[in-house]
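A.B. asks: Quick one: this structure, given as structure tokens, is what I'll be asking you about.
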Amino acid sequence: MTTVQAPSSVAELLGRCGRLVQPALREAVGRLHPWVAEMAGYSFGWCEVGGAPAAAPGGKGVRQALAVLGAEAAGADGRAGVPAAVAVELVHAFSLLHDDVMDGDATRRRRPAVWKAYGTGPAVLAGDALFALAVETLASAPQGAGTVRLLSAALADLVRGQADDLLFATRPWTGPERVTPEEYRSMAEGKTGALLGCAAALGAVLGGADAAIAGALDRAGRHLGIAFQLVDDVLGIWGDPAVTGKPVGGDLRQRKKTYPVLAALGSPAARGLSELLDTPGRAAQAAALIEAAGGRTAALAEARAHTAAARALIAEAPLTADAAGHLLQLLHHLLDREL
């Protein structure tokens, strides 16, 4: 078992990893067609529509940090994980561009989503370009063939998770065709966990780790992804739009089968909830009933359980002590987002 040393703050950790990765990420995006590169830059918060420089809110940098820490956990310099970090950042950006189109979300990080700013077709094209660039980035790295296979497997899981998420919206709230918590966990692992696990595993492989270490980090990342999605579900119902960048109750209006809703529907205290969920303009009342029926509490308890599983995998793997400590602190940070 590793000995966990006191890591730096999460902000410092994410900043350090970001400083390693951002130059390589910008260089990669710069190889795209100029118009596509502008849309990509807009999605990352680097520019405005038209290309004027901007300092808009970007992503949290969690995936790129996992890739850098994966390399460090294997005993390598964090720079060994930079190609993996760039690839997963590109794939994550690609998935967000397409997710916003599929979900009809008009805003992302408190700005118009790419499809609203540039059009649906251009946003899809930009997402496709980012995906292709991610594959090219990994294929050019050491052990390229093996890392591309890891990324391809994660992408297959991501697509399955996204497909399930979309199909869940067409299923009833109650009855034999309802979405079960087990189905939710499988969806969340694919949609969110697969790429987080892949990020850490890819970094470890590029850092020279064996299959056992890479596999443990992949499984830890998948548990982390489920926990991350559960917290996102809570934020999607009760989060502050000024913090989340998303409208209040958006998930409820889209009939998303999120964990707080599924948990609440199983409680006798949720009588009438399915009717509220099917009635336009009643999202606030539905949110109040979900909370009263224990949906919010159940989702956060489930998130803590998956965080504990990820923590156990990290603690039991033969990782370098500092990197293990940083990974553990990152887990706690993600669970304790603004709730």
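Residue numbers start at 1 in each chain; chains themselves are named A, B, ... in the order of the structure tokens; ligands are numbered from 1 in the order shown.
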Counting only C-alpha atoms, what are the residues of stretch 159-212 of chain A within 10 Å of stretch 145-150 of chain A, and for each of them which pair of atoms is the nearest and at what distance in Å, to one decimal? Sort the table by chain and rising number, as CSV.

C.D. replies:
```
residue,atom,partner,partner_atom,distance
A:Leu195,CA,A:Leu150,CA,10.0
A:Cys198,CA,A:Leu150,CA,6.9
A:Ala199,CA,A:Leu150,CA,9.6
A:Ala201,CA,A:Leu150,CA,8.3
A:Leu202,CA,A:Thr147,CA,6.3
A:Gly203,CA,A:Thr147,CA,9.3
A:Val205,CA,A:Thr147,CA,7.6
A:Leu206,CA,A:Thr147,CA,8.1
```

A.B. asks: Near A:Arg271, counting only C-alpha atoms, which residues have an atom at most 12 Å away, once you skip same-chain residues fewer than 5 positions from it, shown as number ranges by chain?

C.D. replies: A: 174, 264-266, 276-277, 286, 289-290, 292-293

A.B. asks: Where does stretch 67-136 of chain A meet stretch 212-219 of chain A within 12 Å, residue by residue, with the nearest atom pair and distance in Å to one decimal for each, counting only C-alpha atoms, listed by chain and rising number, as CSV?

C.D. replies:
```
residue,atom,partner,partner_atom,distance
A:Ala67,CA,A:Leu217,CA,10.1
A:Leu69,CA,A:Leu217,CA,10.2
A:Gly70,CA,A:Leu217,CA,7.6
A:Ala71,CA,A:Ala214,CA,9.8
A:Glu72,CA,A:Ile213,CA,11.9
A:Ala73,CA,A:Ile213,CA,8.8
A:Ala74,CA,A:Ile213,CA,7.8
A:Gly75,CA,A:Ile213,CA,11.4
```

A.B. asks: Could those selected residues go to a file with N, CA, C and O atoms, as a CSV table (one decimal), in the first residue's frame?

C.D. replies:
```
chain,number,residue,atom,x,y,z
A,67,ALA,N,-4.2,12.4,-16.5
A,67,ALA,CA,-3.2,11.8,-17.4
A,67,ALA,C,-1.8,12.1,-16.9
A,67,ALA,O,-0.9,11.3,-16.9
A,69,LEU,N,-0.9,12.9,-13.8
A,69,LEU,CA,-0.7,12.1,-12.6
A,69,LEU,C,-0.5,10.6,-12.8
A,69,LEU,O,0.2,9.9,-12.1
A,70,GLY,N,-1.2,10.1,-13.8
A,70,GLY,CA,-1.0,8.7,-14.2
A,70,GLY,C,0.4,8.4,-14.6
A,70,GLY,O,1.0,7.4,-14.1
A,71,ALA,N,1.1,9.3,-15.3
A,71,ALA,CA,2.5,9.1,-15.6
A,71,ALA,C,3.3,9.2,-14.4
A,71,ALA,O,4.3,8.4,-14.2
A,72,GLU,N,3.0,10.2,-13.5
A,72,GLU,CA,3.8,10.4,-12.3
A,72,GLU,C,3.6,9.2,-11.3
A,72,GLU,O,4.6,8.8,-10.6
A,73,ALA,N,2.4,8.6,-11.3
A,73,ALA,CA,2.1,7.5,-10.5
A,73,ALA,C,3.0,6.3,-10.9
A,73,ALA,O,3.3,5.4,-10.1
A,74,ALA,N,3.4,6.2,-12.2
A,74,ALA,CA,4.2,5.1,-12.7
A,74,ALA,C,5.7,5.4,-12.4
A,74,ALA,O,6.5,4.6,-12.8
A,75,GLY,N,6.0,6.6,-11.8
A,75,GLY,CA,7.4,6.9,-11.6
A,75,GLY,C,8.1,7.7,-12.6
A,75,GLY,O,9.3,8.0,-12.6
```

A.B. asks: Per residue of stretch 211-297 of chain A within 7 Å of stretch 303-316 of chain A, what are the shortest atom pair and its distance in Å to one decimal, counting only C-alpha atoms, with rows by chain and residue number, as a tab-separated table?

C.D. replies:
```
residue	atom	partner	partner_atom	distance
A:Ala216	CA	A:Leu313	CA	6.1
A:Leu217	CA	A:Ile314	CA	6.9
A:Ala220	CA	A:Ala310	CA	4.2
A:Gly221	CA	A:Ala310	CA	6.9
A:His223	CA	A:His306	CA	5.1
A:Leu224	CA	A:Thr307	CA	5.8
A:Ile226	CA	A:His306	CA	6.8
A:Ala227	CA	A:Ala303	CA	4.1
A:Leu230	CA	A:Ala303	CA	5.8
A:Val231	CA	A:Ala303	CA	6.9
```

A.B. asks: Write to file, as a tab-separated table (two decimals), in the first residue's frame, the residues of the selection just made, with all heavy atoms.

C.D. replies:
```tsv
chain	number	residue	atom	x	y	z
A	216	ALA	N	-5.75	-0.71	-12.70
A	216	ALA	CA	-6.26	-0.18	-11.44
A	216	ALA	C	-6.65	1.28	-11.57
A	216	ALA	O	-7.69	1.71	-11.05
A	216	ALA	CB	-5.20	-0.36	-10.35
A	217	LEU	N	-5.84	2.06	-12.28
A	217	LEU	CA	-6.16	3.47	-12.48
A	217	LEU	C	-7.39	3.64	-13.36
A	217	LEU	O	-8.20	4.54	-13.14
A	217	LEU	CB	-4.96	4.20	-13.09
A	217	LEU	CG	-3.78	4.40	-12.15
A	217	LEU	CD1	-2.59	4.99	-12.89
A	217	LEU	CD2	-4.16	5.30	-10.98
A	220	ALA	N	-10.34	2.90	-11.12
A	220	ALA	CA	-10.53	4.01	-10.19
A	220	ALA	C	-11.19	5.19	-10.90
A	220	ALA	O	-12.10	5.83	-10.36
A	220	ALA	CB	-9.20	4.43	-9.57
A	221	GLY	N	-10.72	5.48	-12.11
A	221	GLY	CA	-11.30	6.57	-12.87
A	221	GLY	C	-12.75	6.34	-13.23
A	221	GLY	O	-13.56	7.27	-13.26
A	223	HIS	N	-14.93	4.58	-11.39
A	223	HIS	CA	-15.69	4.88	-10.17
A	223	HIS	C	-15.79	6.39	-9.95
A	223	HIS	O	-16.85	6.91	-9.58
A	223	HIS	CB	-15.03	4.23	-8.96
A	223	HIS	CG	-15.33	2.77	-8.80
A	223	HIS	ND1	-16.59	2.30	-8.51
A	223	HIS	CD2	-14.53	1.68	-8.91
A	223	HIS	CE1	-16.57	0.99	-8.43
A	223	HIS	NE2	-15.33	0.58	-8.66
A	224	LEU	N	-14.69	7.08	-10.19
A	224	LEU	CA	-14.69	8.54	-10.06
A	224	LEU	C	-15.70	9.15	-11.02
A	224	LEU	O	-16.42	10.10	-10.66
A	224	LEU	CB	-13.29	9.08	-10.34
A	224	LEU	CG	-13.14	10.60	-10.42
A	224	LEU	CD1	-13.57	11.25	-9.12
A	224	LEU	CD2	-11.70	10.97	-10.75
A	226	ILE	N	-18.49	7.84	-12.20
A	226	ILE	CA	-19.86	7.66	-11.71
A	226	ILE	C	-20.14	8.68	-10.61
A	226	ILE	O	-21.21	9.32	-10.59
A	226	ILE	CB	-20.06	6.22	-11.20
A	226	ILE	CG1	-19.88	5.21	-12.35
A	226	ILE	CG2	-21.46	6.06	-10.59
A	226	ILE	CD1	-19.88	3.77	-11.91
A	227	ALA	N	-19.19	8.85	-9.68
A	227	ALA	CA	-19.37	9.83	-8.61
A	227	ALA	C	-19.52	11.23	-9.19
A	227	ALA	O	-20.37	12.02	-8.75
A	227	ALA	CB	-18.19	9.77	-7.64
A	230	LEU	N	-22.95	11.63	-10.66
A	230	LEU	CA	-23.95	11.77	-9.61
A	230	LEU	C	-23.98	13.19	-9.05
A	230	LEU	O	-25.06	13.76	-8.84
A	230	LEU	CB	-23.65	10.77	-8.49
A	230	LEU	CG	-23.97	9.30	-8.80
A	230	LEU	CD1	-23.14	8.38	-7.92
A	230	LEU	CD2	-25.46	9.04	-8.61
A	231	VAL	N	-22.81	13.75	-8.82
A	231	VAL	CA	-22.76	15.14	-8.33
A	231	VAL	C	-23.29	16.09	-9.40
A	231	VAL	O	-24.00	17.05	-9.10
A	231	VAL	CB	-21.32	15.52	-7.91
A	231	VAL	CG1	-21.25	16.99	-7.54
A	231	VAL	CG2	-20.88	14.67	-6.72
```

A.B. asks: Report as a ChimeraX atom specification: the residues of stretch 83-262 of chain A with a DSSP assignment of helix (DSSP H, G or I), based on the backbone of this structure.

C.D. replies: /A:83-103,114-118,120-139,144-168,181-206,211-238,241-244,250-253,259-262

A.B. asks: Quick one: write out the picked residues with C-alpha atoms as a short mmCIF file (atom, residue, chain, number, x, y, z; two decimals), in the first residue's frame?

C.D. replies:
```cif
data_model
loop_
_atom_site.label_atom_id
_atom_site.label_comp_id
_atom_site.auth_asym_id
_atom_site.auth_seq_id
_atom_site.Cartn_x
_atom_site.Cartn_y
_atom_site.Cartn_z
CA PRO A 83 0.16 13.37 -25.22
CA ALA A 84 -2.45 11.42 -23.27
CA ALA A 85 -3.64 14.63 -21.59
CA VAL A 86 -3.97 16.41 -24.94
CA ALA A 87 -5.84 13.48 -26.47
CA VAL A 88 -8.37 13.18 -23.65
CA GLU A 89 -8.92 16.96 -23.55
CA LEU A 90 -9.67 16.88 -27.29
CA VAL A 91 -12.03 13.93 -26.90
CA HIS A 92 -13.78 15.58 -23.96
CA ALA A 93 -14.24 18.79 -25.97
CA PHE A 94 -15.55 16.75 -28.92
CA SER A 95 -18.08 15.00 -26.66
CA LEU A 96 -19.29 18.30 -25.18
CA LEU A 97 -19.82 19.85 -28.60
CA HIS A 98 -21.92 16.90 -29.68
CA ASP A 99 -23.69 16.57 -26.31
CA ASP A 100 -24.89 20.16 -26.47
CA VAL A 101 -26.32 19.56 -29.94
CA MET A 102 -28.05 16.32 -28.88
CA ASP A 103 -29.42 17.79 -25.65
CA VAL A 114 -20.71 26.28 -29.99
CA TRP A 115 -23.78 25.20 -31.96
CA LYS A 116 -25.61 28.37 -30.91
CA ALA A 117 -22.61 30.57 -31.70
CA TYR A 118 -21.63 28.99 -35.04
CA THR A 120 -25.30 23.04 -35.65
CA GLY A 121 -23.43 21.77 -38.71
CA PRO A 122 -20.22 23.64 -37.92
CA ALA A 123 -20.33 22.45 -34.29
CA VAL A 124 -20.63 18.82 -35.41
CA LEU A 125 -17.76 19.35 -37.85
CA ALA A 126 -15.58 20.87 -35.14
CA GLY A 127 -16.33 17.93 -32.85
CA ASP A 128 -15.37 15.47 -35.59
CA ALA A 129 -12.12 17.34 -36.16
CA LEU A 130 -11.24 17.26 -32.46
CA PHE A 131 -11.84 13.51 -32.34
CA ALA A 132 -9.60 12.91 -35.36
CA LEU A 133 -6.92 15.14 -33.85
CA ALA A 134 -7.02 13.17 -30.59
CA VAL A 135 -6.36 9.91 -32.44
CA GLU A 136 -3.53 11.50 -34.42
CA THR A 137 -1.98 12.87 -31.21
CA LEU A 138 -1.86 9.46 -29.55
CA ALA A 139 -0.79 7.61 -32.69
CA GLY A 144 0.98 4.73 -30.07
CA ALA A 145 -0.82 1.59 -31.22
CA GLY A 146 -1.53 0.42 -27.69
CA THR A 147 -2.69 3.81 -26.49
CA VAL A 148 -4.99 4.25 -29.49
CA ARG A 149 -6.59 0.91 -28.64
CA LEU A 150 -7.17 2.09 -25.06
CA LEU A 151 -8.73 5.32 -26.31
CA SER A 152 -10.89 3.47 -28.84
CA ALA A 153 -12.25 1.15 -26.13
CA ALA A 154 -13.06 4.12 -23.91
CA LEU A 155 -14.79 5.89 -26.81
CA ALA A 156 -16.92 2.82 -27.49
CA ASP A 157 -18.02 2.86 -23.84
CA LEU A 158 -18.64 6.59 -24.00
CA VAL A 159 -20.90 6.18 -27.03
CA ARG A 160 -22.82 3.36 -25.35
CA GLY A 161 -23.28 5.49 -22.26
CA GLN A 162 -24.46 8.47 -24.29
CA ALA A 163 -26.86 6.27 -26.26
CA ASP A 164 -28.35 4.89 -23.05
CA ASP A 165 -28.67 8.41 -21.64
CA LEU A 166 -30.63 9.54 -24.70
CA LEU A 167 -32.83 6.43 -24.72
CA PHE A 168 -33.57 6.76 -21.01
CA PRO A 181 -30.32 2.30 -10.64
CA GLU A 182 -28.14 -0.49 -12.08
CA GLU A 183 -28.79 0.75 -15.61
CA TYR A 184 -27.98 4.27 -14.47
CA ARG A 185 -24.61 3.16 -13.05
CA SER A 186 -23.70 1.42 -16.31
CA MET A 187 -24.68 4.53 -18.28
CA ALA A 188 -22.68 6.85 -16.01
CA GLU A 189 -19.62 4.62 -16.13
CA GLY A 190 -19.64 4.76 -19.91
CA LYS A 191 -20.68 8.37 -20.44
CA THR A 192 -18.39 9.90 -17.82
CA GLY A 193 -16.21 7.26 -16.19
CA ALA A 194 -14.70 5.68 -19.30
CA LEU A 195 -12.80 8.81 -20.32
CA LEU A 196 -11.65 9.62 -16.78
CA GLY A 197 -10.32 6.08 -16.37
CA CYS A 198 -8.76 6.20 -19.80
CA ALA A 199 -6.98 9.46 -18.99
CA ALA A 200 -5.25 8.03 -15.93
CA ALA A 201 -4.49 4.71 -17.63
CA LEU A 202 -3.08 6.35 -20.77
CA GLY A 203 -0.80 8.56 -18.70
CA ALA A 204 0.40 5.52 -16.76
CA VAL A 205 1.11 3.54 -19.94
CA LEU A 206 3.09 6.42 -21.43
CA ALA A 211 -1.00 -3.50 -17.24
CA ALA A 212 -1.91 -4.04 -13.57
CA ILE A 213 -1.25 -0.42 -12.60
CA ALA A 214 -2.95 0.94 -15.72
CA GLY A 215 -5.94 -1.31 -15.06
CA ALA A 216 -6.26 -0.18 -11.44
CA LEU A 217 -6.16 3.47 -12.48
CA ASP A 218 -8.73 2.83 -15.19
CA ARG A 219 -11.12 1.21 -12.70
CA ALA A 220 -10.53 4.01 -10.19
CA GLY A 221 -11.30 6.57 -12.87
CA ARG A 222 -14.51 4.79 -13.78
CA HIS A 223 -15.69 4.88 -10.17
CA LEU A 224 -14.69 8.54 -10.06
CA GLY A 225 -16.72 9.14 -13.23
CA ILE A 226 -19.86 7.66 -11.71
CA ALA A 227 -19.37 9.83 -8.61
CA PHE A 228 -18.74 12.87 -10.82
CA GLN A 229 -21.94 12.19 -12.80
CA LEU A 230 -23.95 11.77 -9.61
CA VAL A 231 -22.76 15.14 -8.33
CA ASP A 232 -23.52 16.62 -11.76
CA ASP A 233 -27.05 15.26 -11.43
CA VAL A 234 -27.46 17.06 -8.12
CA LEU A 235 -26.09 20.27 -9.61
CA GLY A 236 -28.36 19.85 -12.64
CA ILE A 237 -31.40 20.12 -10.37
CA TRP A 238 -30.27 22.30 -7.46
CA PRO A 241 -26.56 28.69 -12.66
CA ALA A 242 -23.92 31.33 -11.87
CA VAL A 243 -21.64 28.47 -10.81
CA THR A 244 -22.69 25.63 -13.13
CA GLY A 250 -32.70 21.80 -17.23
CA ASP A 251 -32.31 18.08 -16.63
CA LEU A 252 -35.89 17.84 -15.34
CA ARG A 253 -37.30 19.69 -18.34
CA TYR A 259 -30.12 9.41 -10.07
CA PRO A 260 -31.90 11.78 -7.67
CA VAL A 261 -35.10 11.30 -9.67
CA LEU A 262 -34.73 7.51 -9.85
#
```

A.B. asks: As a ChimeraX atom specification, please: the residues near A:Val10 (cut-off 10 Å, only C-alpha atoms, same-chain neighbours under 3 positions excluded).

C.D. replies: /A:7,13-16,326-327,329-334

A.B. asks: Restrict the selected residues to N, CA and C atoms and save them as a short mmCIF file (atom, residue, chain, number, x, y, z; two decimals), in the first residue's frame.

C.D. replies:
```cif
data_model
loop_
_atom_site.label_atom_id
_atom_site.label_comp_id
_atom_site.auth_asym_id
_atom_site.auth_seq_id
_atom_site.Cartn_x
_atom_site.Cartn_y
_atom_site.Cartn_z
N PRO A 7 -0.41 16.50 -0.28
CA PRO A 7 -0.24 17.14 -1.58
C PRO A 7 -0.48 18.64 -1.49
N LEU A 13 -2.45 22.04 -7.97
CA LEU A 13 -2.27 20.81 -8.71
C LEU A 13 -2.80 20.93 -10.13
N LEU A 14 -4.03 21.41 -10.26
CA LEU A 14 -4.62 21.58 -11.59
C LEU A 14 -3.84 22.61 -12.40
N GLY A 15 -3.38 23.66 -11.73
CA GLY A 15 -2.59 24.67 -12.43
C GLY A 15 -1.27 24.11 -12.93
N ARG A 16 -0.61 23.33 -12.11
CA ARG A 16 0.67 22.73 -12.53
C ARG A 16 0.49 21.81 -13.74
N HIS A 326 -1.93 13.04 -4.56
CA HIS A 326 -2.59 14.02 -5.41
C HIS A 326 -3.89 13.45 -6.01
N LEU A 327 -3.85 12.20 -6.42
CA LEU A 327 -5.06 11.57 -6.96
C LEU A 327 -6.16 11.51 -5.91
N GLN A 329 -6.56 13.49 -3.33
CA GLN A 329 -7.09 14.82 -3.06
C GLN A 329 -8.02 15.27 -4.17
N LEU A 330 -7.69 14.90 -5.41
CA LEU A 330 -8.55 15.24 -6.53
C LEU A 330 -9.92 14.58 -6.39
N LEU A 331 -9.95 13.36 -5.90
CA LEU A 331 -11.23 12.68 -5.68
C LEU A 331 -12.12 13.48 -4.73
N HIS A 332 -11.55 13.90 -3.62
CA HIS A 332 -12.34 14.64 -2.63
C HIS A 332 -12.82 15.97 -3.21
N HIS A 333 -11.97 16.61 -3.97
CA HIS A 333 -12.33 17.90 -4.57
C HIS A 333 -13.53 17.76 -5.50
N LEU A 334 -13.55 16.71 -6.30
CA LEU A 334 -14.63 16.53 -7.27
C LEU A 334 -15.95 16.22 -6.58
#
```

A.B. asks: Restricting the calculation to only C-alpha atoms: of A:Glu275, A:Glu177, A:Glu291, A:Glu38, which residue gets closest to A:Arg255?

C.D. replies: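 Under the stated criterion, the closest residue is A:Glu275.
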
A.B. asks: Would you pick out the contacts of A:Glu48 at 10 Å or less, using only C-alpha atoms, so that residues sharing its chain but fewer than 5 positions from it are not included, and give the list as a list in words?

C.D. replies: Glu38, Met39, Gly41, Tyr42, Ser43, Pro53, Ala54, Ala55, Ala56, Arg111 and Ala117 of chain A

A.B. asks: Next, the residues of the selection above should be written as an mmCIF file, in the first residue's frame with C-alpha atoms.

C.D. replies:
```
data_model
loop_
_atom_site.group_PDB
_atom_site.id
_atom_site.type_symbol
_atom_site.label_atom_id
_atom_site.label_comp_id
_atom_site.auth_asym_id
_atom_site.auth_seq_id
_atom_site.Cartn_x
_atom_site.Cartn_y
_atom_site.Cartn_z
ATOM 1 C CA GLU A 38 -11.451 28.995 -34.037
ATOM 2 C CA MET A 39 -14.496 26.965 -32.987
ATOM 3 C CA GLY A 41 -10.600 27.718 -29.352
ATOM 4 C CA TYR A 42 -14.015 29.158 -28.554
ATOM 5 C CA SER A 43 -15.036 25.879 -26.892
ATOM 6 C CA PRO A 53 -8.612 36.570 -27.810
ATOM 7 C CA ALA A 54 -10.650 35.874 -24.693
ATOM 8 C CA ALA A 55 -10.188 34.549 -21.207
ATOM 9 C CA ALA A 56 -13.580 32.880 -20.838
ATOM 10 C CA ARG A 111 -21.527 31.401 -22.887
ATOM 11 C CA ALA A 117 -22.606 30.567 -31.703
#
```
